[in-house]
file work_8.tsv (TSV, C-alpha atoms and all ligand atoms)
chain	number	residue	atom	x	y	z
X	831	MET	CA	13.51	12.01	-12.46
X	832	THR	CA	10.39	13.42	-14.10
X	833	ALA	CA	7.51	11.00	-13.64
X	834	GLU	CA	5.36	10.29	-16.68
X	835	ASN	CA	3.37	7.31	-15.46
X	836	VAL	CA	2.90	8.41	-11.86
X	837	ILE	CA	1.08	11.55	-10.71
X	838	ILE	CA	1.85	12.91	-7.24
X	839	GLU	CA	-0.58	15.43	-5.78
X	840	ARG	CA	-0.65	17.05	-2.36
X	841	ASP	CA	-3.84	17.64	-0.39
X	842	GLY	CA	-2.84	19.17	2.93
X	843	HIS	CA	-0.61	16.57	4.60
X	844	LEU	CA	-1.72	13.81	2.23
X	845	ALA	CA	0.20	12.66	-0.84
X	846	ILE	CA	-2.05	11.14	-3.50
X	847	VAL	CA	-0.05	8.82	-5.78
X	848	THR	CA	-1.85	7.87	-9.01
X	849	VAL	CA	-0.54	5.18	-11.34
X	850	ASN	CA	-1.23	6.80	-14.68
X	851	ARG	CA	-1.26	4.46	-17.70
X	852	PRO	CA	-5.02	4.25	-18.18
X	853	SER	CA	-4.77	3.01	-21.79
X	854	LYS	CA	-3.04	-0.11	-20.38
X	855	LEU	CA	-5.25	-0.25	-17.27
X	856	ASN	CA	-2.26	1.13	-15.32
X	857	ALA	CA	-0.18	-2.03	-15.87
X	858	LEU	CA	3.25	-1.84	-14.27
X	859	ASP	CA	6.06	-1.68	-16.81
X	860	ASP	CA	9.70	-1.08	-15.79
X	861	GLN	CA	9.37	2.70	-16.06
X	862	THR	CA	6.25	2.80	-13.89
X	863	ILE	CA	7.89	0.61	-11.25
X	864	ALA	CA	10.97	2.85	-11.23
X	865	GLU	CA	8.81	5.98	-10.96
X	866	LEU	CA	6.76	4.51	-8.12
X	867	ASP	CA	9.96	3.53	-6.32
X	868	ALA	CA	11.40	7.05	-6.68
X	869	THR	CA	8.06	8.51	-5.57
X	870	PHE	CA	8.13	6.58	-2.30
X	871	VAL	CA	11.79	7.51	-1.66
X	872	SER	CA	10.87	11.20	-1.90
X	873	ILE	CA	7.64	10.82	0.10
X	874	ASP	CA	9.46	9.01	2.91
X	875	ALA	CA	11.95	11.87	3.17
X	876	ASP	CA	9.28	14.60	3.09
X	877	ASP	CA	8.29	15.58	6.64
X	878	GLY	CA	5.34	17.52	5.25
X	879	VAL	CA	3.64	14.31	4.11
X	880	GLY	CA	1.69	12.59	6.88
X	881	ALA	CA	0.01	9.79	4.92
X	882	VAL	CA	-0.16	8.45	1.38
X	883	ILE	CA	-3.04	7.23	-0.80
X	884	VAL	CA	-2.22	5.06	-3.82
X	885	THR	CA	-4.77	4.74	-6.62
X	886	GLY	CA	-5.09	4.18	-10.38
X	887	ALA	CA	-6.01	6.63	-13.14
X	888	GLY	CA	-9.37	6.25	-14.86
X	889	GLU	CA	-12.54	4.57	-13.71
X	890	LYS	CA	-11.74	1.00	-14.63
X	891	ALA	CA	-8.55	-0.08	-12.93
X	892	PHE	CA	-6.40	0.35	-9.87
X	893	VAL	CA	-3.58	-1.60	-11.56
X	894	ALA	CA	-4.32	-4.56	-13.88
X	895	GLY	CA	-1.00	-6.23	-13.13
X	896	ALA	CA	2.59	-6.30	-14.21
X	897	ASP	CA	2.85	-5.41	-17.90
X	898	ILE	CA	2.32	-8.71	-19.69
X	899	SER	CA	4.12	-7.49	-22.82
X	900	VAL	CA	7.28	-7.15	-20.68
X	901	LEU	CA	6.77	-10.47	-18.87
X	902	ALA	CA	6.22	-12.26	-22.17
X	903	LYS	CA	9.86	-11.63	-23.16
X	904	GLN	CA	11.51	-12.72	-19.92
X	905	GLY	CA	13.87	-15.66	-19.44
X	906	VAL	CA	15.29	-17.20	-16.27
X	907	LEU	CA	17.63	-14.36	-15.31
X	908	ASP	CA	15.50	-11.37	-16.20
X	909	GLY	CA	12.43	-13.20	-14.81
X	910	LYS	CA	14.14	-13.27	-11.43
X	911	GLU	CA	15.23	-9.64	-11.84
X	912	ASN	CA	11.64	-8.62	-12.69
X	913	SER	CA	10.43	-10.33	-9.54
X	914	ARG	CA	13.16	-8.72	-7.42
X	915	ARG	CA	12.34	-5.26	-8.85
X	916	GLY	CA	8.66	-5.62	-8.02
X	917	GLN	CA	9.48	-7.03	-4.60
X	918	ALA	CA	11.81	-4.09	-3.90
X	919	LEU	CA	8.99	-1.66	-4.69
X	920	THR	CA	6.47	-3.46	-2.51
X	921	LEU	CA	9.02	-3.64	0.32
X	922	ARG	CA	9.70	0.08	0.01
X	923	ILE	CA	5.97	0.79	0.32
X	924	GLU	CA	5.60	-1.61	3.23
X	925	ASN	CA	8.55	0.04	5.01
X	926	CYS	CA	7.41	3.62	4.29
X	927	LYS	CA	7.41	5.56	7.57
X	928	LYS	CA	3.98	7.02	6.85
X	929	PRO	CA	0.63	5.20	6.68
X	930	VAL	CA	-0.10	4.09	3.11
X	931	LEU	CA	-3.69	3.46	1.99
X	932	ALA	CA	-4.74	1.81	-1.26
X	933	ALA	CA	-7.84	3.22	-2.97
X	934	VAL	CA	-8.64	0.16	-5.11
X	935	ASN	CA	-10.80	1.80	-7.77
X	936	GLY	CA	-11.32	-1.14	-10.14
X	937	PHE	CA	-9.20	-4.09	-11.31
X	938	ALA	CA	-6.39	-4.96	-8.88
X	939	LEU	CA	-4.88	-7.99	-10.54
X	940	GLY	CA	-1.50	-9.67	-10.24
X	941	GLY	CA	1.11	-7.00	-9.54
X	942	GLY	CA	-1.76	-4.59	-8.91
X	943	LEU	CA	-3.08	-6.63	-6.02
X	944	GLU	CA	0.50	-7.14	-4.84
X	945	LEU	CA	0.93	-3.35	-4.82
X	946	ALA	CA	-2.26	-3.01	-2.75
X	947	LEU	CA	-1.10	-5.80	-0.41
X	948	ALA	CA	2.04	-3.79	0.41
X	949	CYS	CA	-0.14	-0.88	1.58
X	950	ASP	CA	-1.24	-0.69	5.22
X	951	VAL	CA	-4.97	-0.34	4.58
X	952	ARG	CA	-7.07	-1.16	1.50
X	953	PHE	CA	-10.44	0.33	0.60
X	954	ALA	CA	-12.20	-0.81	-2.57
X	955	SER	CA	-14.84	0.60	-4.87
X	956	SER	CA	-17.95	-1.54	-5.22
X	957	ASN	CA	-16.95	-2.39	-8.81
X	958	ALA	CA	-13.42	-3.56	-7.90
X	959	LYS	CA	-12.14	-7.00	-8.84
X	960	LEU	CA	-9.15	-8.36	-6.97
X	961	GLY	CA	-7.10	-11.40	-7.85
X	962	LEU	CA	-3.82	-13.12	-8.56
X	963	PRO	CA	-4.43	-14.56	-12.05
X	964	GLU	CA	-0.77	-15.42	-12.75
X	965	VAL	CA	-1.28	-19.21	-13.03
X	966	SER	CA	-3.65	-18.59	-15.93
X	967	LEU	CA	-0.67	-16.97	-17.72
X	968	GLY	CA	1.58	-19.90	-16.82
X	969	ILE	CA	3.55	-18.00	-14.15
X	970	ILE	CA	3.29	-17.45	-10.39
X	971	PRO	CA	2.86	-14.19	-8.45
X	972	GLY	CA	6.28	-12.56	-8.13
X	973	TYR	CA	5.86	-9.22	-6.34
X	974	GLY	CA	5.25	-10.69	-2.89
X	975	GLY	CA	1.73	-12.05	-3.47
X	976	THR	CA	2.52	-15.64	-2.45
X	977	GLN	CA	3.75	-14.33	0.90
X	978	ARG	CA	1.60	-11.29	1.76
X	979	LEU	CA	-1.80	-12.65	0.71
X	980	PRO	CA	-1.70	-15.76	2.99
X	981	ARG	CA	-0.38	-13.63	5.86
X	982	LEU	CA	-3.35	-11.28	5.43
X	983	VAL	CA	-6.28	-13.62	4.72
X	984	GLY	CA	-4.94	-17.05	5.78
X	985	SER	CA	-3.46	-19.76	3.60
X	986	GLY	CA	-6.76	-21.45	2.71
X	987	VAL	CA	-8.35	-18.39	1.10
X	988	ALA	CA	-5.01	-17.29	-0.38
X	989	LEU	CA	-4.26	-20.67	-1.91
X	990	GLN	CA	-7.70	-20.83	-3.49
X	991	MET	CA	-7.19	-17.36	-5.02
X	992	ILE	CA	-3.64	-18.18	-6.17
X	993	LEU	CA	-4.41	-21.68	-7.53
X	994	GLN	CA	-7.80	-20.89	-9.07
X	995	GLY	CA	-6.65	-17.58	-10.55
X	996	ASP	CA	-10.14	-16.05	-10.70
X	997	PRO	CA	-10.64	-12.56	-9.25
X	998	ILE	CA	-13.06	-11.95	-6.39
X	999	ASP	CA	-15.42	-8.99	-6.15
X	1000	ALA	CA	-15.21	-6.20	-3.59
X	1001	GLN	CA	-17.82	-7.65	-1.22
X	1002	GLU	CA	-16.04	-11.01	-1.14
X	1003	ALA	CA	-12.74	-9.18	-0.58
X	1004	LEU	CA	-14.35	-7.44	2.39
X	1005	ARG	CA	-15.71	-10.73	3.74
X	1006	VAL	CA	-12.28	-12.42	3.69
X	1007	GLY	CA	-10.46	-9.40	5.15
X	1008	LEU	CA	-8.58	-8.46	1.99
X	1009	VAL	CA	-10.02	-4.94	2.09
X	1010	ASN	CA	-11.10	-2.84	5.06
X	1011	GLY	CA	-14.16	-1.30	3.45
X	1012	VAL	CA	-16.17	-1.00	0.22
X	1013	PHE	CA	-17.60	2.26	-1.10
X	1014	GLU	CA	-19.35	3.52	-4.20
X	1015	PRO	CA	-16.78	4.58	-6.83
X	1016	ASP	CA	-17.53	8.29	-6.42
X	1017	GLU	CA	-17.14	8.05	-2.62
X	1018	LEU	CA	-13.95	5.98	-2.49
X	1019	MET	CA	-11.33	8.75	-2.56
X	1020	ALA	CA	-13.22	10.94	-0.08
X	1021	LYS	CA	-13.45	8.01	2.34
X	1022	CYS	CA	-9.74	7.23	1.95
X	1023	LYS	CA	-8.89	10.88	2.60
X	1024	GLU	CA	-11.13	10.94	5.67
X	1025	VAL	CA	-9.35	7.92	7.19
X	1026	ALA	CA	-5.88	9.14	6.16
X	1027	ASN	CA	-6.58	12.56	7.68
X	1028	ARG	CA	-7.61	10.91	10.98
X	1029	MET	CA	-4.22	9.17	10.96
X	1030	VAL	CA	-2.41	12.42	10.16
X	1031	MET	CA	-3.90	13.92	13.35
X	1032	ARG	CA	-1.85	11.42	15.39
X	1033	GLY	CA	1.80	11.70	16.44
X	1034	PRO	CA	4.03	11.28	13.36
X	1035	THR	CA	6.80	9.41	15.19
X	1036	ALA	CA	4.20	7.26	16.96
X	1037	LEU	CA	2.68	6.35	13.58
X	1038	SER	CA	6.07	5.40	12.20
X	1039	LEU	CA	7.10	3.32	15.23
X	1040	ALA	CA	3.68	1.64	15.55
X	1041	LYS	CA	3.91	0.61	11.92
X	1042	GLN	CA	7.45	-0.64	12.48
X	1043	ALA	CA	6.34	-2.70	15.48
X	1044	VAL	CA	3.64	-4.40	13.42
X	1045	ARG	CA	5.68	-4.86	10.24
X	1046	ARG	CA	8.95	-6.04	11.82
X	1047	GLY	CA	7.20	-7.91	14.62
X	1048	ALA	CA	5.28	-10.02	12.08
X	1049	GLN	CA	8.59	-11.51	10.96
X	1050	MET	CA	9.72	-12.46	14.50
X	1051	SER	CA	8.92	-14.98	17.19
X	1052	MET	CA	6.45	-13.65	19.81
X	1053	PRO	CA	9.18	-13.12	22.50
X	1054	ASP	CA	11.40	-11.22	20.05
X	1055	ALA	CA	8.43	-9.23	18.74
X	1056	LEU	CA	7.43	-8.23	22.28
X	1057	THR	CA	11.02	-7.15	22.94
X	1058	LEU	CA	10.88	-5.04	19.79
X	1059	GLU	CA	7.60	-3.48	20.96
X	1060	ALA	CA	9.12	-2.65	24.36
X	1061	ASP	CA	12.24	-1.18	22.72
X	1062	LEU	CA	10.14	1.04	20.44
X	1063	PHE	CA	7.93	1.98	23.41
X	1064	GLY	CA	11.13	3.06	25.20
X	1065	ILE	CA	12.22	5.13	22.20
X	1066	ILE	CA	8.87	6.90	21.86
X	1067	SER	CA	8.95	7.62	25.61
X	1068	SER	CA	12.07	9.74	25.06
X	1069	THR	CA	10.46	12.05	22.50
X	1070	ASP	CA	9.07	15.58	22.72
X	1071	GLU	CA	6.16	14.13	20.79
X	1072	MET	CA	5.17	12.01	23.78
X	1073	LYS	CA	5.50	15.00	26.14
X	1074	GLU	CA	3.29	17.06	23.82
X	1075	GLY	CA	0.69	14.30	23.41
X	1076	MET	CA	0.39	13.77	27.16
X	1077	ALA	CA	0.45	17.49	27.99
X	1078	ALA	CA	-2.28	18.20	25.43
X	1079	PHE	CA	-4.53	15.55	27.00
X	1080	LEU	CA	-3.97	16.86	30.52
X	1081	GLU	CA	-4.49	20.47	29.39
X	1082	LYS	CA	-7.63	19.48	27.43
X	1083	ARG	CA	-6.33	20.80	24.10
X	1084	LYS	CA	-5.35	19.36	20.75
X	1085	PRO	CA	-1.70	18.28	20.45
X	1086	SER	CA	0.51	20.38	18.24
X	1087	TRP	CA	2.82	17.99	16.37
X	1088	LEU	CA	6.00	19.04	14.68
X	1089	ARG	CA	4.90	18.87	11.03
X	1090	LYS	CA	6.21	21.25	8.40
X	1101	LIG	N1	-0.32	-5.87	-19.05
X	1101	LIG	C1	-0.28	-5.23	-20.23
X	1101	LIG	N2	-1.35	-4.66	-20.80
X	1101	LIG	C2	-2.52	-4.79	-20.16
X	1101	LIG	C3	-2.64	-5.46	-18.94
X	1101	LIG	C4	-1.46	-6.00	-18.37
X	1101	LIG	N3	-1.47	-6.62	-17.19
X	1101	LIG	N4	-3.94	-5.41	-18.54
X	1101	LIG	C5	-4.59	-4.74	-19.50
X	1101	LIG	N5	-3.74	-4.36	-20.47
X	1101	LIG	C6	-4.05	-3.61	-21.69
X	1101	LIG	C7	-4.72	-4.47	-22.73
X	1101	LIG	O1	-3.75	-5.23	-23.47
X	1101	LIG	C8	-5.39	-3.41	-23.56
X	1101	LIG	O2	-4.42	-2.79	-24.37
X	1101	LIG	P1	-4.73	-2.50	-25.95
X	1101	LIG	O3	-5.95	-1.60	-25.92
X	1101	LIG	O4	-3.50	-1.83	-26.44
X	1101	LIG	O5	-5.03	-3.83	-26.55
X	1101	LIG	C9	-5.82	-2.38	-22.53
X	1101	LIG	O6	-4.99	-2.61	-21.39
X	1101	LIG	C10	-7.26	-2.52	-22.09
X	1101	LIG	O7	-7.46	-3.85	-21.64
X	1101	LIG	P2	-8.62	-4.81	-22.19
X	1101	LIG	O8	-8.17	-6.22	-22.00
X	1101	LIG	O9	-9.00	-4.42	-23.58
X	1101	LIG	O10	-9.81	-4.45	-21.21
X	1101	LIG	P3	-11.03	-5.38	-20.79
X	1101	LIG	O11	-11.99	-4.50	-20.06
X	1101	LIG	O12	-11.52	-6.15	-21.94
X	1101	LIG	O13	-10.41	-6.45	-19.75
X	1101	LIG	C11	-9.05	-7.12	-17.88
X	1101	LIG	C12	-9.89	-5.99	-18.52
X	1101	LIG	C13	-8.38	-6.54	-16.63
X	1101	LIG	C14	-9.96	-8.29	-17.49
X	1101	LIG	C15	-7.99	-7.58	-18.89
X	1101	LIG	O14	-7.31	-6.44	-19.40
X	1101	LIG	C16	-6.97	-8.52	-18.31
X	1101	LIG	O15	-7.25	-9.69	-18.10
X	1101	LIG	N6	-5.73	-8.03	-18.07
X	1101	LIG	C17	-4.65	-8.83	-17.60
X	1101	LIG	C18	-4.77	-9.08	-16.11
X	1101	LIG	C19	-3.66	-9.97	-15.62
X	1101	LIG	O16	-3.55	-11.12	-15.99
X	1101	LIG	N7	-2.81	-9.41	-14.75
X	1101	LIG	C20	-1.75	-10.12	-14.15
X	1101	LIG	C21	-0.50	-9.95	-14.91
X	1101	LIG	S1	0.82	-10.85	-14.15
call {"tool": "encode", "arguments": {"input": "work_8.tsv", "output": "structure tokens", "more": "lines below"}}
Ligand code: COA
result
Amino acid sequence: MTAENVIIERDGHLAIVTVNRPSKLNALDDQTIAELDATFVSIDADDGVGAVIVTGAGEKAFVAGADISVLAKQGVLDGKENSRRGQALTLRIENCKKPVLAAVNGFALGGGLELALACDVRFASSNAKLGLPEVSLGIIPGYGGTQRLPRLVGSGVALQMILQGDPIDAQEALRVGLVNGVFEPDELMAKCKEVANRMVMRGPTALSLAKQAVRRGAQMSMPDALTLEADLFGIISSTDEMKEGMAAFLEKRKPSWLRK
């Protein structure tokens, strides 16, 4: 599949994924969702990619939401299908084996914020606006926002954002824990790359299993989640990666991970 609305660039071990419909503020239509989905399938399978940064084309928007011209035509059945399609994409991103960072470079509204919520870490530009405005369109968030936002920032803050529908600015997003940091627009990508490259220095299998422990554990009771952690700890203890990481420390050198 040749992507038209998604640009994939490589910078060392980083994959930079840019949603590219700037004339529509990068709104997610069916084609863009399908291209993003295919992008993450190929990135997950590519051992040369250590971490991913998702951003939006242009200076105004990360992603201004699901494409309202598509949503406007939906009925009961395709409404549910639209939701399921967006949920499948956000689940694929959440389950990606590599760390995924969102560089929120402007409006992240509706499906755009839901896309960012599926990423592991969010950094925002100082001019970003983040929100779930669906109720002002007479719908509800449908790409995971009603579930991921309260789990990230707590139900009080999430319910105010979801029920009020007004976006919050980057500083407020930082205050409530929705983003991990705020940077000037021209510094945002460099900062994201700096953090992503620090992650890429770590053991690739360890990154994947640590992410799995957090992601899957969040859906379990504490005893089950601790069992999962111990199981994954056992698995990582059987790897050459662990031997290399420990040996490198003891030999006072940098570890040499198996990356292509
Ligand atoms: N779906 C479809 N098209 C969208 C869109 C969306 N979610 N968000 C923006 N666009 C389009 C606009 O229709 C416009 O297209 P046009 O030039 O062909 O008319 C273009 O992107 C630029 O947007 P515009 O509204 O002119 O920019 P603005 O700076 O005046 O306002 C926003 C920016 C983000 C405040 C405004 O575009 C907006 O409210 N968008 C919808 C956000 C939303 O409700 N998202 C959740 C959807 S579930």
call {"tool": "residues_near_ligand", "arguments": {"input": "work_8.tsv", "ligand": "ligand LIG 1101 (chain X)", "cutoff": "10 Å", "atoms": "only C-alpha atoms and all ligand atoms", "output": "VMD selection string"}}
result
chain X and resid 851 to 859 890 to 902 936 to 943 959 to 973 995 to 997
call {"tool": "atom_distance", "arguments": {"input": "work_8.tsv", "atom1": "atom CA of Leu1008 of chain X", "atom2": "atom CA of Val983 of chain X"}}
result
6.3 Å
call {"tool": "residues_around", "arguments": {"input": "work_8.tsv", "residues": "Arg922 of chain X", "least_positions_apart": "3", "cutoff": "9 Å", "atoms": "all atoms listed in the file", "output": "compact mmCIF listing (two decimals) with C-alpha atoms, in the frame of the given file"}}
result
# COMPACT_ATOMS: atom_id res chain seq x y z
CA ASP X 867 9.96 3.53 -6.32
CA PHE X 870 8.13 6.58 -2.30
CA VAL X 871 11.79 7.51 -1.66
CA GLN X 917 9.48 -7.03 -4.60
CA ALA X 918 11.81 -4.09 -3.90
CA LEU X 919 8.99 -1.66 -4.69
CA ASN X 925 8.55 0.04 5.01
CA CYS X 926 7.41 3.62 4.29
CA ALA X 948 2.04 -3.79 0.41
call {"tool": "closest_atom_pairs", "arguments": {"input": "work_8.tsv", "of": "segment 931-962 of chain X", "to": "segment 834-850 of chain X", "cutoff": "10 Å", "atoms": "all atoms listed in the file", "output": "tab-separated table"}}
result
residue	atom	partner	partner_atom	distance
X:Leu931	CA	X:Ile846	CA	9.6
X:Ala932	CA	X:Val847	CA	9.6
X:Ala933	CA	X:Thr848	CA	9.7
call {"tool": "closest_atom_pairs", "arguments": {"input": "work_8.tsv", "of": "segment 925-988 of chain X", "to": "segment 1033-1044 of chain X", "cutoff": "12 Å", "atoms": "only C-alpha atoms", "output": "CSV"}}
result
residue,atom,partner,partner_atom,distance
X:Asn925,CA,X:Gln1042,CA,7.6
X:Cys926,CA,X:Ser1038,CA,8.2
X:Lys927,CA,X:Ser1038,CA,4.8
X:Lys928,CA,X:Ser1038,CA,6.0
X:Pro929,CA,X:Leu1037,CA,7.3
X:Val930,CA,X:Lys1041,CA,10.3
X:Cys949,CA,X:Lys1041,CA,11.2
X:Asp950,CA,X:Lys1041,CA,8.6
X:Val951,CA,X:Lys1041,CA,11.6
call {"tool": "atom_distance", "arguments": {"input": "work_8.tsv", "atom1": "atom CA of Lys1021 of chain X", "atom2": "atom CA of Lys1084 of chain X"}}
result
23.1 Å
call {"tool": "atom_distance", "arguments": {"input": "work_8.tsv", "atom1": "atom CA of Leu982 of chain X", "atom2": "atom CA of Gly1007 of chain X"}}
result
7.4 Å
